[in-house]
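Containing mmCIF, C-alpha atoms: upload.cif.
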data_upload
loop_
_atom_site.label_atom_id
_atom_site.label_comp_id
_atom_site.auth_asym_id
_atom_site.auth_seq_id
_atom_site.Cartn_x
_atom_site.Cartn_y
_atom_site.Cartn_z
CA MET F 93 0.00 0.00 0.00
CA ALA F 94 2.66 2.45 1.06
CA LYS F 95 4.67 1.44 -2.01
CA GLY F 96 1.75 2.22 -4.32
CA VAL F 97 1.31 5.65 -2.78
CA LYS F 98 4.97 6.42 -3.32
CA LEU F 99 4.79 5.43 -6.99
CA ILE F 100 1.77 7.65 -7.56
CA LEU F 101 3.41 10.50 -5.70
CA VAL F 102 6.65 10.36 -7.69
CA LEU F 103 4.93 10.15 -11.08
CA GLY F 104 2.48 12.87 -10.07
CA LEU F 105 5.29 15.17 -8.98
CA ILE F 106 7.26 14.63 -12.18
CA SER F 107 4.14 15.29 -14.28
CA LEU F 108 3.31 18.39 -12.28
CA PHE F 109 6.83 19.73 -12.69
CA SER F 110 6.79 18.98 -16.40
CA GLY F 111 3.44 20.74 -16.74
CA VAL F 112 4.68 23.88 -15.01
CA VAL F 113 7.84 24.02 -17.14
CA LEU F 114 5.85 23.56 -20.35
CA ALA F 115 3.23 26.17 -19.39
CA LYS F 116 6.02 28.65 -18.73
CA THR F 117 7.77 27.83 -22.02
CA TYR F 118 4.52 28.23 -23.91
CA GLU F 119 3.89 31.57 -22.22
CA ILE F 120 7.33 32.79 -23.30
CA THR F 121 7.17 31.53 -26.87
CA SER F 122 3.51 32.03 -27.84
CA PRO F 123 3.64 35.81 -28.50
CA THR F 124 6.61 35.28 -30.82
CA MET F 125 4.83 32.40 -32.53
CA ARG F 126 1.72 34.52 -33.12
CA GLU F 127 3.90 37.32 -34.48
CA VAL F 128 5.64 34.91 -36.84
CA ALA F 129 2.27 33.62 -38.06
CA MET F 130 0.94 37.18 -38.61
CA LYS F 131 4.09 38.27 -40.40
CA ASN F 132 4.01 35.17 -42.59
CA GLN F 133 0.42 35.89 -43.54
CA GLN F 134 1.16 39.51 -44.42
CA LYS F 135 4.24 38.55 -46.36
CA ALA F 136 2.26 35.86 -48.15
CA ILE F 137 -0.35 38.36 -49.36
CA PHE F 138 2.27 40.56 -50.95
CA GLU F 139 4.07 37.53 -52.31
CA VAL F 140 1.06 36.14 -54.15
CA LEU F 141 -0.01 39.59 -55.36
CA PRO F 142 3.29 41.19 -56.38
CA GLN F 143 1.63 44.10 -58.22
CA ILE F 144 -0.20 45.59 -55.21
CA LYS F 145 0.82 48.43 -52.91
CA GLU F 146 -1.52 47.73 -50.02
CA TYR F 147 -4.44 45.51 -49.11
CA LYS F 148 -7.66 45.69 -47.15
CA GLU F 149 -9.88 43.02 -45.71
CA PHE F 150 -13.20 42.18 -47.24
CA GLN F 151 -15.79 39.99 -45.59
CA ASN F 152 -19.07 38.83 -47.06
CA GLU F 153 -22.16 37.71 -45.14
CA ALA F 154 -20.99 34.12 -45.08
CA GLY F 155 -17.98 35.22 -43.05
CA MET F 156 -15.46 34.38 -45.74
CA LEU F 157 -12.39 36.56 -45.44
CA ILE F 158 -10.86 37.86 -48.65
CA TYR F 159 -7.98 40.32 -48.95
CA GLU F 160 -8.44 42.94 -51.68
CA GLY F 161 -5.16 44.01 -53.22
CA LEU F 162 -5.03 47.70 -54.15
CA ASP F 163 -2.63 49.21 -56.68
CA SER F 164 -1.15 52.69 -56.40
CA ASP F 165 -4.44 54.25 -57.62
CA LYS F 166 -6.38 52.46 -54.84
CA LYS F 167 -8.11 50.26 -57.37
CA VAL F 168 -8.72 46.61 -56.61
CA THR F 169 -6.57 44.63 -59.00
CA GLY F 170 -6.18 41.36 -57.20
CA LEU F 171 -7.61 39.12 -54.53
CA ALA F 172 -5.84 37.02 -51.95
CA PHE F 173 -7.50 34.40 -49.76
CA ILE F 174 -6.66 31.45 -47.58
CA ALA F 175 -7.54 28.05 -49.03
CA GLU F 176 -7.51 24.80 -47.07
CA GLY F 177 -7.81 21.16 -47.96
CA GLY F 178 -6.62 17.67 -47.14
CA GLY F 179 -3.12 16.68 -48.18
CA PHE F 180 -1.24 13.41 -47.82
CA GLN F 181 -0.86 13.55 -44.04
CA GLY F 182 -2.74 16.62 -42.86
CA THR F 183 -4.35 19.87 -43.83
CA ILE F 184 -2.63 22.06 -46.38
CA ARG F 185 -3.28 25.79 -45.80
CA MET F 186 -2.20 28.25 -48.38
CA MET F 187 -2.56 31.86 -49.45
CA VAL F 188 -3.74 32.12 -53.05
CA GLY F 189 -3.51 35.20 -55.25
CA LEU F 190 -5.76 36.09 -58.18
CA ASN F 191 -5.32 38.79 -60.77
CA LEU F 192 -8.78 40.17 -61.61
CA LYS F 193 -7.67 41.88 -64.82
CA THR F 194 -5.99 38.95 -66.53
CA LYS F 195 -8.25 36.36 -64.86
CA LYS F 196 -5.22 34.38 -63.83
CA ILE F 197 -3.83 32.84 -60.68
CA THR F 198 -0.77 34.84 -59.72
CA GLY F 199 0.60 32.22 -57.36
CA TYR F 200 0.18 30.54 -54.02
CA LYS F 201 2.18 30.28 -50.83
CA VAL F 202 1.86 27.35 -48.46
CA LEU F 203 1.31 28.57 -44.90
CA GLU F 204 0.98 25.20 -43.19
CA HIS F 205 1.38 21.60 -44.23
CA LEU F 206 2.40 18.21 -42.90
CA GLU F 207 3.60 16.62 -46.13
CA THR F 208 6.63 14.30 -46.20
CA PRO F 209 9.89 16.28 -46.08
CA GLY F 210 11.76 15.93 -49.37
CA LEU F 211 8.75 14.57 -51.24
CA GLY F 212 5.30 16.08 -50.69
CA ALA F 213 6.89 19.07 -48.96
CA ARG F 214 8.22 20.11 -52.34
CA ILE F 215 4.81 21.66 -53.07
CA THR F 216 6.44 24.73 -51.49
CA GLU F 217 9.25 24.82 -54.07
CA ASP F 218 9.25 27.13 -57.06
CA SER F 219 9.71 24.41 -59.66
CA PHE F 220 6.28 23.04 -58.75
CA LYS F 221 4.61 26.34 -57.84
CA LYS F 222 5.40 28.14 -61.05
CA GLN F 223 3.15 25.74 -63.00
CA PHE F 224 0.16 27.41 -61.36
CA SER F 225 1.18 31.02 -61.73
CA ALA F 226 0.04 32.59 -64.96
CA LYS F 227 -2.61 29.90 -65.30
CA SER F 228 -6.07 31.02 -66.28
CA TRP F 229 -8.61 30.13 -63.61
CA ASP F 230 -10.72 28.32 -66.23
CA ASP F 231 -7.96 25.73 -66.85
CA PRO F 232 -8.68 22.17 -65.70
CA PHE F 233 -5.82 21.91 -63.13
CA ALA F 234 -5.62 18.17 -63.69
CA VAL F 235 -2.48 16.35 -62.54
CA GLY F 236 -0.99 14.51 -65.49
CA LYS F 237 -2.72 16.79 -68.01
CA ASP F 238 -1.75 20.41 -67.45
CA ILE F 239 0.08 19.90 -64.14
CA VAL F 240 3.24 17.81 -63.87
CA PRO F 241 3.23 16.16 -60.40
CA ILE F 242 6.21 15.96 -58.05
CA THR F 243 8.04 12.64 -58.37
CA GLY F 244 6.95 10.35 -55.54
CA ALA F 245 4.28 12.75 -54.33
CA THR F 246 1.31 12.44 -56.65
CA ILE F 247 -1.17 12.70 -53.79
CA SER F 248 0.29 16.00 -52.53
CA SER F 249 0.41 17.38 -56.08
CA LYS F 250 -3.20 16.41 -56.65
CA ALA F 251 -4.24 17.93 -53.33
CA VAL F 252 -2.75 21.31 -54.22
CA SER F 253 -4.40 21.29 -57.66
CA GLU F 254 -7.77 20.38 -56.21
CA ILE F 255 -7.60 22.93 -53.39
CA LEU F 256 -6.77 25.64 -55.91
CA LYS F 257 -9.44 24.62 -58.38
CA GLY F 258 -12.16 24.35 -55.73
CA SER F 259 -11.35 27.48 -53.76
CA VAL F 260 -10.91 29.77 -56.75
CA ALA F 261 -14.38 28.88 -58.00
CA LYS F 262 -15.87 29.47 -54.56
CA VAL F 263 -14.18 32.84 -54.06
CA LEU F 264 -15.18 34.07 -57.49
CA GLU F 265 -18.78 33.08 -56.82
CA VAL F 266 -18.82 35.01 -53.55
CA TYR F 267 -16.85 37.99 -54.73
CA GLY F 268 -18.08 38.22 -58.33
CA GLY F 269 -21.67 38.70 -57.19
CA GLU F 270 -20.60 41.52 -54.93
CA GLN F 271 -18.84 43.38 -57.74
CA GLN F 272 -21.62 43.56 -60.30
CA MET Z 186 40.91 9.49 -18.93
CA LYS Z 187 37.57 7.84 -18.17
CA ALA Z 188 35.80 11.09 -18.97
CA TRP Z 189 37.42 11.24 -22.39
CA LYS Z 190 36.48 7.62 -23.05
CA GLU Z 191 32.82 8.25 -22.14
CA PHE Z 192 32.76 11.14 -24.58
CA ILE Z 193 34.63 9.67 -27.54
CA LYS Z 194 32.96 6.24 -27.58
CA GLY Z 195 29.68 7.60 -28.99
CA ILE Z 196 31.34 9.12 -32.02
CA TRP Z 197 32.77 5.95 -33.54
CA ASP Z 198 33.33 2.83 -31.40
CA GLU Z 199 29.75 2.83 -30.12
CA ASN Z 200 28.20 5.08 -32.73
CA PRO Z 201 24.44 4.92 -32.11
CA VAL Z 202 23.57 4.41 -35.77
CA PHE Z 203 26.48 2.51 -37.31
CA ARG Z 204 27.38 0.38 -34.29
CA MET Z 205 24.35 0.05 -32.02
CA LEU Z 206 21.62 0.49 -34.65
CA MET Z 207 19.57 2.65 -32.31
CA GLY Z 208 17.12 5.37 -33.29
CA MET Z 209 16.43 3.76 -36.66
CA CYS Z 210 13.11 5.54 -37.20
CA PRO Z 211 14.47 9.10 -37.64
CA THR Z 212 17.62 7.67 -39.25
CA LEU Z 213 15.57 6.16 -42.05
CA ALA Z 214 12.77 8.70 -42.22
CA VAL Z 215 14.35 12.16 -42.36
CA THR Z 216 17.69 11.62 -44.07
CA ASN Z 217 16.51 12.26 -47.62
CA ALA Z 218 18.39 15.57 -47.64
CA ALA Z 219 21.61 16.55 -45.87
CA ILE Z 220 20.08 19.57 -44.09
CA ASN Z 221 17.22 17.48 -42.69
CA GLY Z 222 19.66 14.92 -41.29
CA LEU Z 223 21.80 17.62 -39.69
CA ALA Z 224 18.86 19.48 -38.11
CA MET Z 225 17.28 16.26 -36.82
CA GLY Z 226 20.64 15.16 -35.38
CA LEU Z 227 21.11 18.46 -33.54
CA ALA Z 228 17.56 18.50 -32.15
CA THR Z 229 17.98 14.93 -30.92
CA ALA Z 230 21.38 15.74 -29.40
CA PHE Z 231 19.83 18.64 -27.46
CA VAL Z 232 17.07 16.44 -26.04
CA LEU Z 233 19.53 13.64 -25.28
CA PHE Z 234 21.88 16.01 -23.44
CA CYS Z 235 19.14 17.58 -21.27
CA ALA Z 236 17.37 14.28 -20.57
CA ASN Z 237 20.59 12.48 -19.61
CA ILE Z 238 21.53 15.22 -17.13
CA ILE Z 239 18.09 15.36 -15.49
CA VAL Z 240 17.81 11.56 -15.31
CA ALA Z 241 21.26 11.32 -13.71
CA MET Z 242 20.22 13.99 -11.20
CA VAL Z 243 16.87 12.55 -10.11
CA LYS Z 244 17.53 8.80 -10.49
CA ARG Z 245 17.84 8.29 -6.72
CA PHE Z 246 14.29 9.52 -6.09
CA ILE Z 247 12.57 7.42 -8.76
CA PRO Z 248 11.32 3.98 -7.69
CA ASN Z 249 12.31 1.17 -10.02
CA GLU Z 250 8.72 0.35 -11.02
CA VAL Z 251 7.96 3.75 -12.54
CA ARG Z 252 11.34 4.65 -13.97
CA ILE Z 253 10.38 4.15 -17.65
CA PRO Z 254 7.26 6.38 -17.51
CA SER Z 255 9.26 8.93 -15.53
CA TYR Z 256 12.02 9.01 -18.16
CA ILE Z 257 9.44 9.32 -20.94
CA ILE Z 258 7.83 12.34 -19.23
CA ILE Z 259 11.24 13.99 -18.79
CA ILE Z 260 12.16 13.33 -22.43
CA ALA Z 261 8.76 14.49 -23.72
CA THR Z 262 9.09 17.73 -21.76
CA PHE Z 263 12.39 18.59 -23.42
CA VAL Z 264 11.08 17.61 -26.85
CA THR Z 265 8.12 19.96 -26.43
CA ILE Z 266 10.45 22.75 -25.24
CA ALA Z 267 12.64 22.23 -28.32
CA ASP Z 268 9.53 22.16 -30.53
CA LEU Z 269 8.15 25.43 -29.10
CA PHE Z 270 11.48 27.26 -29.24
CA LEU Z 271 12.15 26.16 -32.81
CA ALA Z 272 8.64 27.24 -33.85
CA ALA Z 273 9.06 30.68 -32.26
CA TYR Z 274 12.66 31.57 -33.00
CA PHE Z 275 13.70 29.37 -35.94
CA PRO Z 276 10.48 29.01 -37.96
CA GLU Z 277 12.44 28.07 -41.09
CA ILE Z 278 14.08 25.02 -39.52
CA HIS Z 279 10.84 24.13 -37.78
CA LYS Z 280 9.05 24.13 -41.11
CA VAL Z 281 11.55 21.64 -42.55
CA LEU Z 282 11.43 19.18 -39.63
CA GLY Z 283 7.79 19.78 -38.69
CA LEU Z 284 6.27 16.40 -38.07
CA PHE Z 285 9.46 14.66 -36.98
CA ILE Z 286 10.22 16.77 -33.90
CA PRO Z 287 7.48 15.23 -31.69
CA LEU Z 288 8.74 11.81 -32.77
CA ILE Z 289 12.04 12.41 -30.94
CA VAL Z 290 10.14 11.30 -27.81
CA VAL Z 291 10.03 7.72 -29.05
CA ASN Z 292 13.61 7.63 -30.30
CA CYS Z 293 15.02 4.53 -28.65
CA LEU Z 294 18.48 6.12 -28.50
CA ILE Z 295 17.37 8.68 -25.91
CA LEU Z 296 15.46 6.24 -23.71
CA GLY Z 297 18.31 3.75 -24.19
CA ARG Z 298 20.95 6.17 -22.90
CA ALA Z 299 18.72 7.28 -20.00
CA GLU Z 300 18.06 3.68 -18.96
CA GLY Z 301 21.42 2.17 -19.90
CA PHE Z 302 23.81 4.93 -18.89
CA ALA Z 303 22.39 7.97 -17.06
CA SER Z 304 20.54 5.84 -14.50
CA LYS Z 305 23.83 4.19 -13.49
CA ASN Z 306 26.36 7.03 -13.73
CA ASN Z 307 26.85 10.50 -12.29
CA VAL Z 308 25.81 13.78 -13.89
CA ALA Z 309 29.19 14.67 -15.42
CA TYR Z 310 29.69 11.32 -17.13
CA SER Z 311 26.08 11.29 -18.30
CA ALA Z 312 26.51 14.72 -19.88
CA LEU Z 313 29.70 13.61 -21.66
CA ASP Z 314 28.05 10.39 -22.80
CA ALA Z 315 25.10 12.38 -24.21
CA LEU Z 316 27.43 14.81 -25.98
CA GLY Z 317 29.40 12.03 -27.64
CA MET Z 318 26.30 10.06 -28.59
CA GLY Z 319 24.61 13.24 -29.87
CA ILE Z 320 27.58 14.11 -32.06
CA GLY Z 321 27.80 10.52 -33.31
CA PHE Z 322 24.09 10.48 -34.15
CA THR Z 323 24.28 13.86 -35.91
CA PHE Z 324 27.33 12.72 -37.85
CA ALA Z 325 25.63 9.51 -39.00
CA LEU Z 326 22.39 11.23 -40.02
CA THR Z 327 24.21 13.97 -41.90
CA LEU Z 328 26.38 11.41 -43.72
CA LEU Z 329 23.31 9.41 -44.76
CA GLY Z 330 21.59 12.61 -45.85
CA ILE Z 331 24.56 13.67 -47.97
CA VAL Z 332 24.75 10.31 -49.76
CA ARG Z 333 21.00 10.08 -50.36
CA GLU Z 334 20.63 13.69 -51.49
CA PHE Z 335 23.57 13.34 -53.87
CA MET Z 336 22.33 10.07 -55.38
CA GLY Z 337 18.69 11.12 -55.52
CA MET Z 338 18.85 14.78 -56.48
CA GLY Z 339 22.42 15.46 -57.51
CA SER Z 340 22.91 18.08 -54.82
CA ILE Z 341 24.44 18.40 -51.35
CA PHE Z 342 22.93 20.85 -48.83
CA ASN Z 343 20.71 22.11 -51.69
CA VAL Z 344 23.79 23.04 -53.75
CA SER Z 345 23.81 21.30 -57.09
CA VAL Z 346 27.08 19.40 -57.49
CA ALA Z 347 26.36 16.80 -60.14
CA GLY Z 348 26.71 17.79 -63.77
CA GLN Z 349 23.96 18.17 -66.34
CA ASN Z 350 24.32 14.57 -67.50
CA PHE Z 351 23.81 13.10 -64.04
CA THR Z 352 20.85 10.75 -63.88
CA GLU Z 353 19.06 11.16 -60.57
CA TRP Z 354 18.25 7.91 -58.79
CA VAL Z 355 14.98 9.04 -57.32
CA ILE Z 356 14.70 5.83 -55.28
CA PHE Z 357 17.39 7.18 -52.94
CA VAL Z 358 15.16 9.97 -51.64
CA LEU Z 359 12.22 7.58 -51.31
CA PRO Z 360 11.85 5.28 -48.26
CA PRO Z 361 13.50 2.20 -49.89
CA GLY Z 362 16.59 4.32 -50.53
CA ALA Z 363 17.02 4.78 -46.79
CA PHE Z 364 17.28 1.02 -46.24
CA LEU Z 365 19.58 0.56 -49.23
CA THR Z 366 21.93 3.36 -48.18
CA LEU Z 367 22.08 2.33 -44.54
CA GLY Z 368 22.61 -1.32 -45.45
CA ILE Z 369 25.44 -0.59 -47.85
CA MET Z 370 27.08 1.78 -45.36
CA LEU Z 371 26.94 -0.78 -42.57
CA TRP Z 372 28.43 -3.36 -44.90
CA ILE Z 373 31.33 -1.04 -45.82
CA ILE Z 374 31.97 -0.02 -42.21
CA ASN Z 375 31.83 -3.57 -40.87
CA SER Z 376 34.12 -4.95 -43.51
CA PHE Z 377 36.72 -2.28 -42.74
CA SER Z 378 36.76 -2.80 -39.01
CA LYS Z 379 37.21 -6.37 -37.82
CA LYS Z 380 35.45 -5.63 -34.59
CA LYS Z 381 32.36 -7.74 -34.06
CA MET Z 382 29.13 -6.06 -33.00
CA GLU Z 383 28.97 -7.89 -29.71
CA GLU Z 384 28.34 -4.90 -27.54
CA SER Z 385 25.46 -3.68 -29.67
CA HIS Z 386 22.17 -3.99 -27.86
CA CYS Z 387 19.05 -1.92 -28.15
CA HIS Z 388 17.12 -1.49 -24.94
#

Would you mind giving the structure from this file in structure tokens?
Amino acid sequence: MAKGVKLILVLGLISLFSGVVLAKTYEITSPTMREVAMKNQQKAIFEVLPQIKEYKEFQNEAGMLIYEGLDSDKKVTGLAFIAEGGGFQGTIRMMVGLNLKTKKITGYKVLEHLETPGLGARITEDSFKKQFSAKSWDDPFAVGKDIVPITGATISSKAVSEILKGSVAKVLEVYGGEQQ
Amino acid sequence: MKAWKEFIKGIWDENPVFRMLMGMCPTLAVTNAAINGLAMGLATAFVLFCANIIVAMVKRFIPNEVRIPSYIIIIATFVTIADLFLAAYFPEIHKVLGLFIPLIVVNCLILGRAEGFASKNNVAYSALDALGMGIGFTFALTLLGIVREFMGMGSIFNVSVAGQNFTEWVIFVLPPGAFLTLGIMLWIINSFSKKKMEESHCH
């Protein structure tokens, strides 16, 4: 009996100590982590819409958040939005840019993913990404047809294509109605 | 003299990967590029170092029956600390390793050193042992990463070194390539040194 109590006590103490240390570490690091996430998001908007000078947020009734990219004359020339979808191992989140004038995708930037390093993770590399930039949003986005997949990562390549295809259509539906 | 021996043994004579075949999961999983192997090796070395010291310090207070869960909690705490700090201050490296950082918890090398060495030796020797083992592990992972990245993509540390006519053996960056590379390396190393692998045992 006394032995059992001692075991519980020791494990409890170690767990308690570990919990305190981790809570403290999280408290120290979380503001920096939030900052990094914010900065990444801001950087991503300008990265996928290289022609814009500033951006403002736009929200429709459905609560969908779209960033309107403004050029130097304060005219909306592009849209940026966050698209999500299932990848090979987890959710892929990315910032997508659209050019309203040319009706083309200007590019995407992956914000979060859990794809295999060295294989699926190469969806973040330029050699794969540049296939989507300068693509008209009416194109089929089919892996094997107009998209060359990453070697050894067909599922990740397909996921990116499908997320882009699906989300662009949805955003245009929401935003296009608003414009006219 | 003993201190030096505890340190140096992990680098070659008892190298965790080439001699003891410990921590095979990260060894095989993340070494498809040199930078991934190096970063994983360093993160593991950090956790190993901290866990070995703490285990050597508190071993007297931990009853035998609960020592494994206690070690796991200690190791998991340091892994989470490393994960949080990397995410906050080195987001680039964290992005590369992502999924594999939490898996350091179940690396048998760390639990093996805690159970096999730190629980029987004092703090100073445990720290030296962890340093040597950490360097040996990092060295092995980086070496595997260099070979696989060169064979599979024609580059080392993302710098292209193979000529235009080089045919990339994509299999080397895929999972089977990990087994092939490790197997061939072990064969080469064992045929050079006559020493038998008697002392190799994975806890």

Given the file shown, determine the residues that the PyMOL selection byres ((chain Z and resi 318-334) around 7) selects; report them as number ranges by chain.
Z: 195-197, 200-202, 212, 216-219, 222-223, 226-227, 229-230, 233, 314-317, 335-341, 357-358

Exercise: F:Ser248 partners within 7 Å, all atoms listed in the file, chain neighbours under 4 positions left out, as JSON, numbers by chain:
{"F": [179, 180, 212, 252]}

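For the file at hand, the PyMOL selection byres ((chain Z) within 8 of (chain F)) resolves to Val215, Asn217, Ala218, Phe246, Ile247, Pro248, Glu250, Val251, Pro254, Ser255, Ile258, Ile259, Thr262, Thr265, Ile266, Leu269, Phe270, Ala272, Ala273, Tyr274, Pro276, Val281, Leu282, Gly283, Leu284, Val355, Val358 and Leu359 of chain Z.
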
Restricting the calculation to only C-alpha atoms: of F:Gly178, F:Ile197, F:Phe150, F:Asp163, which residue gets closest to F:Ile247?
F:Gly178

Determine the residue set returned by the PyMOL selection byres ((chain F and resi 131-145) around 10) for the present structure, and present it as a count of residues only.
38

Students should find that atom CA of Z:Ala188 and atom CA of Z:Tyr310 are spaced 6.4 Å

Exercise on stretch 213-225 of chain Z, axis-aligned box with 4 Å per side, report centre and edge lengths in Å to one decimal, as lines of an AutoDock Vina configuration file:
center_x = 17.3
center_y = 12.9
center_z = -42.2
size_x = 17.0
size_y = 21.4
size_z = 18.8

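Look at stretch 258-266 of chain F: the protein and nucleic acid residues within 8 Å of it, using only C-alpha atoms and passing over chain neighbours fewer than 5 places away, are Asn152, Ala175 and Trp229 of chain F.
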
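Using only C-alpha atoms, the smallest distance between any of Z:Cys210, Z:Lys280, Z:Asp198, Z:Ala267 and Z:Cys293 comes from Z:Cys210.
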
If I only have part of stretch 226-237 of chain F, can you fill in N, CA and C atoms and write it as a PDB file, in the coordinates of the input?
ATOM      1  N   ALA F 226       0.330  32.274 -63.560  1.00  0.00           N
ATOM      2  CA  ALA F 226       0.040  32.590 -64.960  1.00  0.00           C
ATOM      3  C   ALA F 226      -0.856  31.549 -65.594  1.00  0.00           C
ATOM      4  N   LYS F 227      -1.643  30.860 -64.764  1.00  0.00           N
ATOM      5  CA  LYS F 227      -2.610  29.900 -65.300  1.00  0.00           C
ATOM      6  C   LYS F 227      -3.989  30.563 -65.222  1.00  0.00           C
ATOM      7  N   SER F 228      -4.731  30.459 -66.309  1.00  0.00           N
ATOM      8  CA  SER F 228      -6.070  31.020 -66.280  1.00  0.00           C
ATOM      9  C   SER F 228      -6.933  30.213 -65.329  1.00  0.00           C
ATOM     10  N   TRP F 229      -7.865  30.883 -64.601  1.00  0.00           N
ATOM     11  CA  TRP F 229      -8.610  30.130 -63.610  1.00  0.00           C
ATOM     12  C   TRP F 229      -9.684  29.226 -64.239  1.00  0.00           C
ATOM     13  N   ASP F 230      -9.797  29.249 -65.575  1.00  0.00           N
ATOM     14  CA  ASP F 230     -10.720  28.320 -66.230  1.00  0.00           C
ATOM     15  C   ASP F 230     -10.024  27.017 -66.622  1.00  0.00           C
ATOM     16  N   ASP F 231      -8.691  26.942 -66.473  1.00  0.00           N
ATOM     17  CA  ASP F 231      -7.960  25.730 -66.850  1.00  0.00           C
ATOM     18  C   ASP F 231      -8.378  24.561 -65.967  1.00  0.00           C
ATOM     19  N   PRO F 232      -8.188  23.330 -66.469  1.00  0.00           N
ATOM     20  CA  PRO F 232      -8.680  22.170 -65.700  1.00  0.00           C
ATOM     21  C   PRO F 232      -7.883  21.850 -64.423  1.00  0.00           C
ATOM     22  N   PHE F 233      -6.644  22.228 -64.319  1.00  0.00           N
ATOM     23  CA  PHE F 233      -5.820  21.910 -63.130  1.00  0.00           C
ATOM     24  C   PHE F 233      -5.790  20.409 -62.850  1.00  0.00           C
ATOM     25  N   ALA F 234      -5.611  19.618 -63.886  1.00  0.00           N
ATOM     26  CA  ALA F 234      -5.620  18.170 -63.690  1.00  0.00           C
ATOM     27  C   ALA F 234      -4.178  17.654 -63.695  1.00  0.00           C
ATOM     28  N   VAL F 235      -3.824  16.933 -62.621  1.00  0.00           N
ATOM     29  CA  VAL F 235      -2.480  16.350 -62.540  1.00  0.00           C
ATOM     30  C   VAL F 235      -2.323  15.344 -63.659  1.00  0.00           C
ATOM     31  N   GLY F 236      -1.229  15.427 -64.382  1.00  0.00           N
ATOM     32  CA  GLY F 236      -0.990  14.510 -65.490  1.00  0.00           C
ATOM     33  C   GLY F 236      -1.421  15.097 -66.815  1.00  0.00           C
ATOM     34  N   LYS F 237      -2.308  16.125 -66.759  1.00  0.00           N
ATOM     35  CA  LYS F 237      -2.720  16.790 -68.010  1.00  0.00           C
ATOM     36  C   LYS F 237      -1.994  18.124 -68.120  1.00  0.00           C
TER      37      LYS F 237
END
